[in-house]
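Worksheet: the structure to be examined is printed underneath.
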Amino acid sequence: MFRLIIAEDEDIIRKGLVYSIPWADMECTVVGEAGNGEEGVALIKEHRPDIVIADINMPVMDGLEMIRQTYEEYDYSAIILSGYSTFEYAQQAIQYGVLGYLLKPLQLSEIQETIARAQKEQKVRQTYINKQLSQDDWKNMDLIKASGKKEVEDTVTKQMLEFISDNYQNKIVMRDVVEMMNYSETFLNKKFKDSMGTTFIEYLNRYRIQKALEMLREGIPVQEVAWRCGIGEYKYFGAVFKKYIGCSPKEYRFMIGEI
(Lines give C-alpha, C1' and ligand atoms only; values in the text may rest on other atoms or scores of the structure.)
Protein backbone atom coordinates (compact mmCIF):
# COMPACT_ATOMS: atom_id res chain seq x y z
CA MET A 1 0.00 0.00 0.00
CA PHE A 2 1.14 3.54 -0.75
CA ARG A 3 1.31 5.75 2.36
CA LEU A 4 -0.57 9.04 1.99
CA ILE A 5 -0.67 12.29 3.99
CA ILE A 6 -3.36 14.94 3.47
CA ALA A 7 -2.72 18.58 4.51
CA GLU A 8 -5.78 20.82 4.22
CA ASP A 9 -6.91 23.53 6.65
CA GLU A 10 -10.65 23.31 5.84
CA ASP A 11 -11.97 20.50 8.03
CA ILE A 12 -14.89 19.58 5.80
CA ILE A 13 -12.65 19.23 2.74
CA ARG A 14 -9.92 17.36 4.63
CA LYS A 15 -12.37 14.93 6.23
CA GLY A 16 -14.05 14.46 2.87
CA LEU A 17 -10.72 13.51 1.31
CA VAL A 18 -9.84 11.18 4.18
CA TYR A 19 -13.15 9.35 4.46
CA SER A 20 -15.00 9.76 1.14
CA ILE A 21 -12.30 8.66 -1.28
CA PRO A 22 -11.94 4.88 -1.81
CA TRP A 23 -8.23 4.90 -0.96
CA ALA A 24 -8.02 1.15 -0.38
CA ASP A 25 -9.28 0.54 -3.92
CA MET A 26 -6.39 2.71 -5.12
CA GLU A 27 -3.86 0.78 -3.01
CA CYS A 28 -3.39 3.76 -0.65
CA THR A 29 -3.69 4.22 3.09
CA VAL A 30 -3.96 7.62 4.81
CA VAL A 31 -1.28 7.65 7.52
CA GLY A 32 -1.81 11.25 8.66
CA GLU A 33 -3.84 14.43 8.21
CA ALA A 34 -2.72 17.99 8.91
CA GLY A 35 -4.53 21.31 9.26
CA ASN A 36 -1.53 23.47 8.36
CA GLY A 37 1.93 23.28 6.84
CA GLU A 38 3.83 22.93 10.10
CA GLU A 39 1.73 19.94 11.10
CA GLY A 40 2.33 18.57 7.62
CA VAL A 41 6.11 18.87 7.97
CA ALA A 42 5.99 16.97 11.27
CA LEU A 43 3.85 14.21 9.78
CA ILE A 44 6.12 13.87 6.75
CA LYS A 45 9.15 13.48 8.99
CA GLU A 46 7.34 10.95 11.18
CA HIS A 47 5.70 8.78 8.50
CA ARG A 48 7.92 9.26 5.41
CA PRO A 49 4.90 9.02 3.05
CA ASP A 50 4.91 8.00 -0.60
CA ILE A 51 2.35 10.65 -1.57
CA VAL A 52 1.42 14.03 -0.04
CA ILE A 53 -1.74 15.96 -0.96
CA ALA A 54 -1.60 19.58 0.22
CA ASP A 55 -3.65 22.74 -0.13
CA ILE A 56 -1.64 25.77 -1.26
CA ASN A 57 -3.31 28.21 1.14
CA MET A 58 -3.01 27.09 4.77
CA PRO A 59 -2.37 29.01 7.99
CA VAL A 60 1.00 29.02 9.79
CA MET A 61 2.78 27.58 6.74
CA ASP A 62 1.39 27.21 3.22
CA GLY A 63 1.50 24.03 1.17
CA LEU A 64 4.29 25.11 -1.17
CA GLU A 65 6.59 26.03 1.72
CA MET A 66 5.81 22.72 3.39
CA ILE A 67 6.79 20.89 0.22
CA ARG A 68 9.87 23.05 -0.33
CA GLN A 69 11.16 22.18 3.14
CA THR A 70 10.61 18.42 2.89
CA TYR A 71 10.45 17.24 -0.72
CA GLU A 72 14.14 16.78 -1.43
CA GLU A 73 14.91 14.84 1.75
CA TYR A 74 11.80 12.66 1.96
CA ASP A 75 11.33 11.99 -1.75
CA TYR A 76 7.53 11.69 -1.90
CA SER A 77 5.20 12.54 -4.79
CA ALA A 78 3.46 15.86 -4.10
CA ILE A 79 -0.05 16.83 -5.25
CA ILE A 80 -1.33 20.37 -4.76
CA LEU A 81 -4.95 21.45 -4.18
CA SER A 82 -5.98 24.97 -5.05
CA GLY A 83 -8.87 27.21 -5.95
CA TYR A 84 -6.56 29.12 -8.31
CA SER A 85 -6.17 28.17 -11.97
CA THR A 86 -3.52 30.67 -13.12
CA PHE A 87 -0.66 29.11 -15.03
CA GLU A 88 1.98 30.99 -13.04
CA TYR A 89 0.64 29.54 -9.78
CA ALA A 90 0.70 26.04 -11.23
CA GLN A 91 4.19 26.61 -12.59
CA GLN A 92 5.47 27.65 -9.17
CA ALA A 93 4.06 24.44 -7.73
CA ILE A 94 5.78 22.38 -10.42
CA GLN A 95 9.07 24.15 -9.67
CA TYR A 96 8.94 22.68 -6.17
CA GLY A 97 8.72 19.18 -7.58
CA VAL A 98 4.91 18.94 -7.51
CA LEU A 99 3.54 16.12 -9.64
CA GLY A 100 -0.11 17.15 -9.86
CA TYR A 101 -2.19 20.33 -9.53
CA LEU A 102 -5.86 19.74 -8.71
CA LEU A 103 -8.45 22.51 -8.76
CA LYS A 104 -11.34 22.74 -6.32
CA PRO A 105 -14.06 21.55 -6.39
CA LEU A 106 -12.36 18.18 -6.74
CA GLN A 107 -13.46 15.46 -9.13
CA LEU A 108 -12.94 11.82 -8.16
CA SER A 109 -11.76 10.89 -11.65
CA GLU A 110 -9.06 13.58 -11.53
CA ILE A 111 -7.93 12.44 -8.09
CA GLN A 112 -7.72 8.84 -9.26
CA GLU A 113 -5.76 9.80 -12.36
CA THR A 114 -3.29 11.93 -10.39
CA ILE A 115 -2.83 9.28 -7.70
CA ALA A 116 -2.10 6.72 -10.43
CA ARG A 117 0.60 9.02 -11.81
CA ALA A 118 2.08 9.48 -8.34
CA GLN A 119 2.17 5.72 -7.81
CA LYS A 120 3.91 5.26 -11.15
CA GLU A 121 6.46 7.93 -10.19
CA GLN A 122 7.14 6.19 -6.89
CA LYS A 123 7.58 2.83 -8.62
CA VAL A 124 10.04 4.36 -11.07
CA ARG A 125 12.04 5.89 -8.22
CA GLN A 126 12.11 2.59 -6.38
CA THR A 127 13.32 0.88 -9.53
CA TYR A 128 16.24 3.29 -9.71
CA ILE A 129 17.04 2.62 -6.07
CA ASN A 130 16.81 -1.16 -6.34
CA LYS A 131 18.26 -1.72 -9.78
CA GLN A 132 22.02 -1.72 -10.12
CA LEU A 133 22.55 0.28 -13.28
CA SER A 134 25.88 -0.07 -15.03
CA GLN A 135 28.07 2.97 -15.60
CA ASP A 136 27.09 2.91 -19.28
CA ASP A 137 23.39 2.86 -18.32
CA TRP A 138 23.88 6.02 -16.26
CA LYS A 139 25.86 7.70 -19.03
CA ASN A 140 23.33 6.85 -21.73
CA MET A 141 20.22 7.84 -19.79
CA ASP A 142 17.75 9.60 -22.12
CA LEU A 143 14.74 11.29 -20.53
CA ILE A 144 13.30 12.40 -23.86
CA LYS A 145 13.10 8.88 -25.26
CA ALA A 146 11.84 7.63 -21.91
CA SER A 147 8.95 10.08 -22.12
CA GLY A 148 7.69 8.22 -25.17
CA LYS A 149 8.52 10.92 -27.73
CA LYS A 150 7.53 9.97 -31.24
CA GLU A 151 7.78 11.57 -34.64
CA VAL A 152 5.91 14.85 -34.45
CA GLU A 153 3.80 15.88 -37.42
CA ASP A 154 1.79 18.73 -35.94
CA THR A 155 3.23 22.09 -37.05
CA VAL A 156 2.22 23.95 -33.90
CA THR A 157 3.88 21.35 -31.66
CA LYS A 158 7.02 21.45 -33.78
CA GLN A 159 7.24 25.19 -33.25
CA MET A 160 6.82 24.73 -29.51
CA LEU A 161 9.59 22.11 -29.47
CA GLU A 162 11.85 24.47 -31.40
CA PHE A 163 11.07 27.21 -28.87
CA ILE A 164 12.19 24.91 -26.06
CA SER A 165 15.36 23.98 -27.92
CA ASP A 166 16.22 27.63 -28.56
CA ASN A 167 15.24 29.03 -25.16
CA TYR A 168 15.55 26.31 -22.49
CA GLN A 169 18.46 28.16 -20.86
CA ASN A 170 16.22 31.17 -20.18
CA LYS A 171 13.27 31.62 -17.86
CA ILE A 172 10.24 30.41 -19.82
CA VAL A 173 6.57 30.81 -19.02
CA MET A 174 3.67 29.78 -21.22
CA ARG A 175 2.88 33.43 -21.84
CA ASP A 176 6.10 33.68 -23.88
CA VAL A 177 4.92 30.91 -26.20
CA VAL A 178 1.45 32.45 -26.45
CA GLU A 179 2.90 35.81 -27.47
CA MET A 180 5.29 34.27 -29.99
CA MET A 181 2.71 32.06 -31.69
CA ASN A 182 -0.39 34.22 -31.22
CA TYR A 183 -2.58 31.31 -30.08
CA SER A 184 -4.46 30.90 -26.82
CA GLU A 185 -2.80 29.11 -23.92
CA THR A 186 -5.57 26.49 -23.88
CA PHE A 187 -5.13 25.73 -27.58
CA LEU A 188 -1.34 25.41 -27.29
CA ASN A 189 -1.49 23.20 -24.20
CA LYS A 190 -3.97 20.86 -25.89
CA LYS A 191 -1.95 20.67 -29.11
CA PHE A 192 1.22 19.84 -27.22
CA LYS A 193 -0.43 17.25 -24.96
CA ASP A 194 -2.13 15.55 -27.92
CA SER A 195 1.13 15.30 -29.87
CA MET A 196 3.61 14.57 -27.08
CA GLY A 197 1.49 12.77 -24.50
CA THR A 198 2.70 15.13 -21.78
CA THR A 199 2.43 18.78 -20.82
CA PHE A 200 4.63 21.57 -22.12
CA ILE A 201 6.16 22.20 -18.68
CA GLU A 202 6.77 18.50 -18.03
CA TYR A 203 8.58 18.18 -21.36
CA LEU A 204 10.54 21.38 -20.70
CA ASN A 205 11.71 19.99 -17.36
CA ARG A 206 12.77 16.72 -18.97
CA TYR A 207 14.60 18.59 -21.73
CA ARG A 208 16.47 20.75 -19.20
CA ILE A 209 17.48 17.77 -17.08
CA GLN A 210 18.64 15.93 -20.21
CA LYS A 211 20.87 18.91 -21.00
CA ALA A 212 22.05 18.88 -17.38
CA LEU A 213 23.06 15.21 -17.74
CA GLU A 214 25.13 16.09 -20.79
CA MET A 215 26.85 18.94 -18.96
CA LEU A 216 27.56 16.81 -15.89
CA ARG A 217 29.15 14.21 -18.14
CA GLU A 218 31.37 16.97 -19.53
CA GLY A 219 32.59 17.75 -16.01
CA ILE A 220 30.93 21.17 -15.70
CA PRO A 221 30.45 22.14 -12.00
CA VAL A 222 26.98 21.39 -10.64
CA GLN A 223 26.15 24.98 -9.69
CA GLU A 224 27.03 26.15 -13.18
CA VAL A 225 24.96 23.34 -14.70
CA ALA A 226 21.96 24.48 -12.65
CA TRP A 227 22.01 27.90 -14.31
CA ARG A 228 23.06 26.80 -17.78
CA CYS A 229 20.24 24.29 -18.12
CA GLY A 230 17.70 27.01 -17.29
CA ILE A 231 16.60 25.86 -13.84
CA GLY A 232 18.68 28.29 -11.81
CA GLU A 233 18.87 28.12 -8.03
CA TYR A 234 21.01 25.18 -6.90
CA LYS A 235 18.67 23.67 -4.31
CA TYR A 236 15.70 23.74 -6.66
CA PHE A 237 17.86 22.23 -9.41
CA GLY A 238 18.77 19.40 -7.06
CA ALA A 239 15.10 18.71 -6.28
CA VAL A 240 14.06 18.63 -9.95
CA PHE A 241 17.10 16.53 -10.89
CA LYS A 242 16.30 13.96 -8.20
CA LYS A 243 12.67 13.82 -9.29
CA TYR A 244 13.64 12.67 -12.79
CA ILE A 245 16.91 10.79 -12.23
CA GLY A 246 16.36 9.31 -8.77
CA CYS A 247 19.57 10.65 -7.25
CA SER A 248 21.33 13.97 -6.66
CA PRO A 249 23.61 15.57 -9.31
CA LYS A 250 26.63 14.73 -7.15
CA GLU A 251 25.52 11.10 -6.85
CA TYR A 252 25.04 10.97 -10.62
CA ARG A 253 28.58 12.17 -11.21
CA PHE A 254 29.78 9.43 -8.87
CA MET A 255 27.76 6.83 -10.83
CA ILE A 256 29.38 7.82 -14.11
CA GLY A 257 32.86 7.88 -12.61
CA GLU A 258 33.36 11.64 -12.62
CA ILE A 259 34.09 11.82 -8.87
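Please note that chains go A, B, ... in the order of the C-alpha coordinates, that every chain numbers its residues from 1, and that ligands are numbered from 1 in the order shown.
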**Request:** Enumerate, as a ChimeraX atom specification, the complete set of residues in range 20-127 of chain A that a backbone-based DSSP assignment places in strand (DSSP E or B).
**Result:** /A:28-34,51-55,77-82,98-103
**Prompt:** Hey, what's within 8 Å of Val152 in chain A if we count only C-alpha atoms and toss same-chain stuff fewer than 3 positions away? As a ChimeraX atom specification, please?
**Reply:** /A:157-158,195-196
Produce a file of the selected residues containing all heavy atoms, as a PDB file, in the first residue's frame.
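Result file follows (result_15.pdb):
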```pdb
ATOM      1  N   THR A 157       3.034  22.029 -32.644  1.00  0.00           N
ATOM      2  CA  THR A 157       3.876  21.348 -31.658  1.00  0.00           C
ATOM      3  C   THR A 157       5.350  21.438 -32.044  1.00  0.00           C
ATOM      4  O   THR A 157       6.216  21.643 -31.184  1.00  0.00           O
ATOM      5  CB  THR A 157       3.461  19.875 -31.514  1.00  0.00           C
ATOM      6  OG1 THR A 157       2.075  19.805 -31.171  1.00  0.00           O
ATOM      7  CG2 THR A 157       4.287  19.177 -30.440  1.00  0.00           C
ATOM      8  N   LYS A 158       5.638  21.321 -33.317  1.00  0.00           N
ATOM      9  CA  LYS A 158       7.022  21.447 -33.777  1.00  0.00           C
ATOM     10  C   LYS A 158       7.595  22.817 -33.422  1.00  0.00           C
ATOM     11  O   LYS A 158       8.743  22.935 -32.981  1.00  0.00           O
ATOM     12  CB  LYS A 158       7.099  21.235 -35.293  1.00  0.00           C
ATOM     13  CG  LYS A 158       7.012  19.788 -35.734  1.00  0.00           C
ATOM     14  CD  LYS A 158       7.162  19.689 -37.246  1.00  0.00           C
ATOM     15  CE  LYS A 158       7.144  18.246 -37.713  1.00  0.00           C
ATOM     16  NZ  LYS A 158       7.283  18.124 -39.184  1.00  0.00           N
ATOM     17  N   SER A 195       0.014  15.769 -29.047  1.00  0.00           N
ATOM     18  CA  SER A 195       1.130  15.297 -29.866  1.00  0.00           C
ATOM     19  C   SER A 195       2.191  14.565 -29.050  1.00  0.00           C
ATOM     20  O   SER A 195       2.765  13.570 -29.508  1.00  0.00           O
ATOM     21  CB  SER A 195       1.795  16.472 -30.597  1.00  0.00           C
ATOM     22  OG  SER A 195       0.913  17.064 -31.517  1.00  0.00           O
ATOM     23  N   MET A 196       2.479  15.069 -27.847  1.00  0.00           N
ATOM     24  CA  MET A 196       3.614  14.566 -27.075  1.00  0.00           C
ATOM     25  C   MET A 196       3.221  13.632 -25.929  1.00  0.00           C
ATOM     26  O   MET A 196       4.072  12.971 -25.345  1.00  0.00           O
ATOM     27  CB  MET A 196       4.412  15.743 -26.497  1.00  0.00           C
ATOM     28  CG  MET A 196       4.912  16.726 -27.546  1.00  0.00           C
ATOM     29  SD  MET A 196       5.959  15.935 -28.800  1.00  0.00           S
ATOM     30  CE  MET A 196       7.350  15.418 -27.791  1.00  0.00           C
TER      31      MET A 196
END
```
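Distance check against Gln223 in chain A using only C-alpha atoms: of A:Lys250, A:Ile245, A:Thr186, A:Ser82, the minimum falls on A:Lys250.
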**Item:** Point-to-point distance from CA of Ile44 in chain A to CA of Asp25 in chain A, Å rounded to tenths
**Value:** 23.0 Å
Closest atom pairs, residues of range 93-211 of chain A within 10 Å of range 7-19 of chain A, only C-alpha atoms, as CSV:
```
residue,atom,partner,partner_atom,distance
A:Lys104,CA,A:Ile13,CA,9.8
A:Pro105,CA,A:Ile13,CA,9.5
A:Leu106,CA,A:Leu17,CA,9.4
A:Leu108,CA,A:Leu17,CA,9.9
A:Ile111,CA,A:Leu17,CA,9.9
```
Please write the residues from the selection above to a file, keeping N, CA, C and O atoms, as an mmCIF file, in the first residue's frame.
```cif
data_model
loop_
_atom_site.group_PDB
_atom_site.id
_atom_site.type_symbol
_atom_site.label_atom_id
_atom_site.label_comp_id
_atom_site.auth_asym_id
_atom_site.auth_seq_id
_atom_site.Cartn_x
_atom_site.Cartn_y
_atom_site.Cartn_z
ATOM 1 N N LYS A 104 -10.074 22.931 -7.025
ATOM 2 C CA LYS A 104 -11.337 22.738 -6.324
ATOM 3 C C LYS A 104 -12.471 23.340 -7.152
ATOM 4 O O LYS A 104 -12.255 24.350 -7.835
ATOM 5 N N PRO A 105 -13.685 22.778 -7.100
ATOM 6 C CA PRO A 105 -14.063 21.552 -6.390
ATOM 7 C C PRO A 105 -13.451 20.316 -7.050
ATOM 8 O O PRO A 105 -13.335 20.253 -8.282
ATOM 9 N N LEU A 106 -13.083 19.343 -6.248
ATOM 10 C CA LEU A 106 -12.362 18.180 -6.736
ATOM 11 C C LEU A 106 -13.296 17.172 -7.406
ATOM 12 O O LEU A 106 -14.442 17.007 -7.010
ATOM 13 N N LEU A 108 -13.524 13.107 -8.514
ATOM 14 C CA LEU A 108 -12.942 11.817 -8.162
ATOM 15 C C LEU A 108 -12.065 11.272 -9.281
ATOM 16 O O LEU A 108 -10.974 10.744 -9.035
ATOM 17 N N ILE A 111 -8.722 12.930 -9.211
ATOM 18 C CA ILE A 111 -7.927 12.441 -8.086
ATOM 19 C C ILE A 111 -7.350 11.070 -8.410
ATOM 20 O O ILE A 111 -6.157 10.808 -8.202
#
```
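Residues in contact with Asp154 in chain A at 12 Å, where only C-alpha atoms are counted and same-chain residues fewer than 5 positions away are skipped, are listed as Gln159, Met160, Leu161, Leu188, Lys190, Lys191, Phe192, Lys193, Asp194, Ser195 and Met196 of chain A.
Using only C-alpha atoms, the residues found no farther than 12 Å from Glu113 in chain A, other than those of its own chain fewer than 5 positions away, are Met26, Ile79, Leu99, Gly100, Tyr101, Leu102, Gln107, Leu108, Ala118, Gln119 and Lys120 of chain A.
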**Message:** Can you measure CA of Arg175 in chain A to CA of Thr199 in chain A for me? One decimal in Å is fine.
**Reply:** 14.7 Å
**DSSP-assigned alpha helix (DSSP H) among range 215-255 of chain A, expressed as a VMD selection string** = chain A and resid 215 to 217 222 to 228 234 to 245 249 to 255
**Message:** Need to verify the contact set: Leu216 in chain A, 9 Å, only C-alpha atoms, exclusion of same-chain residues closer than 5 positions in sequence. Can you return it as JSON, numbers by chain?
**Reply:** {"A": [211, 221, 222, 225, 249, 252, 253, 258]}
**Item:** Non-local contacts of Arg48 in chain A (10 Å; only C-alpha atoms; under 5 positions in same chain excluded) as a PyMOL selection string
**Value:** chain A and resi 3-5+31+42-43+70+73-76
**Nearby residues (only C-alpha atoms) at most 12 Å from Lys139 in chain A, same-chain spacing under 6 positions excluded, as a PyMOL selection string** = chain A and resi 133+210+212-218+245+252-258
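Distance-wise, CA of Cys229 in chain A and CA of Tyr207 in chain A end up 8.8 Å apart.
The nearest approach to Ala34 in chain A among the residues A:Asn205, A:Ile6, A:Leu81, A:Ile53, with only C-alpha atoms taken into account, belongs to A:Ile6.
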**Asked** Counting only C-alpha atoms, which of A:Met61, A:Ile201, A:Val98, A:Cys247 gets nearest to Val177 in chain A?
**Response** A:Ile201
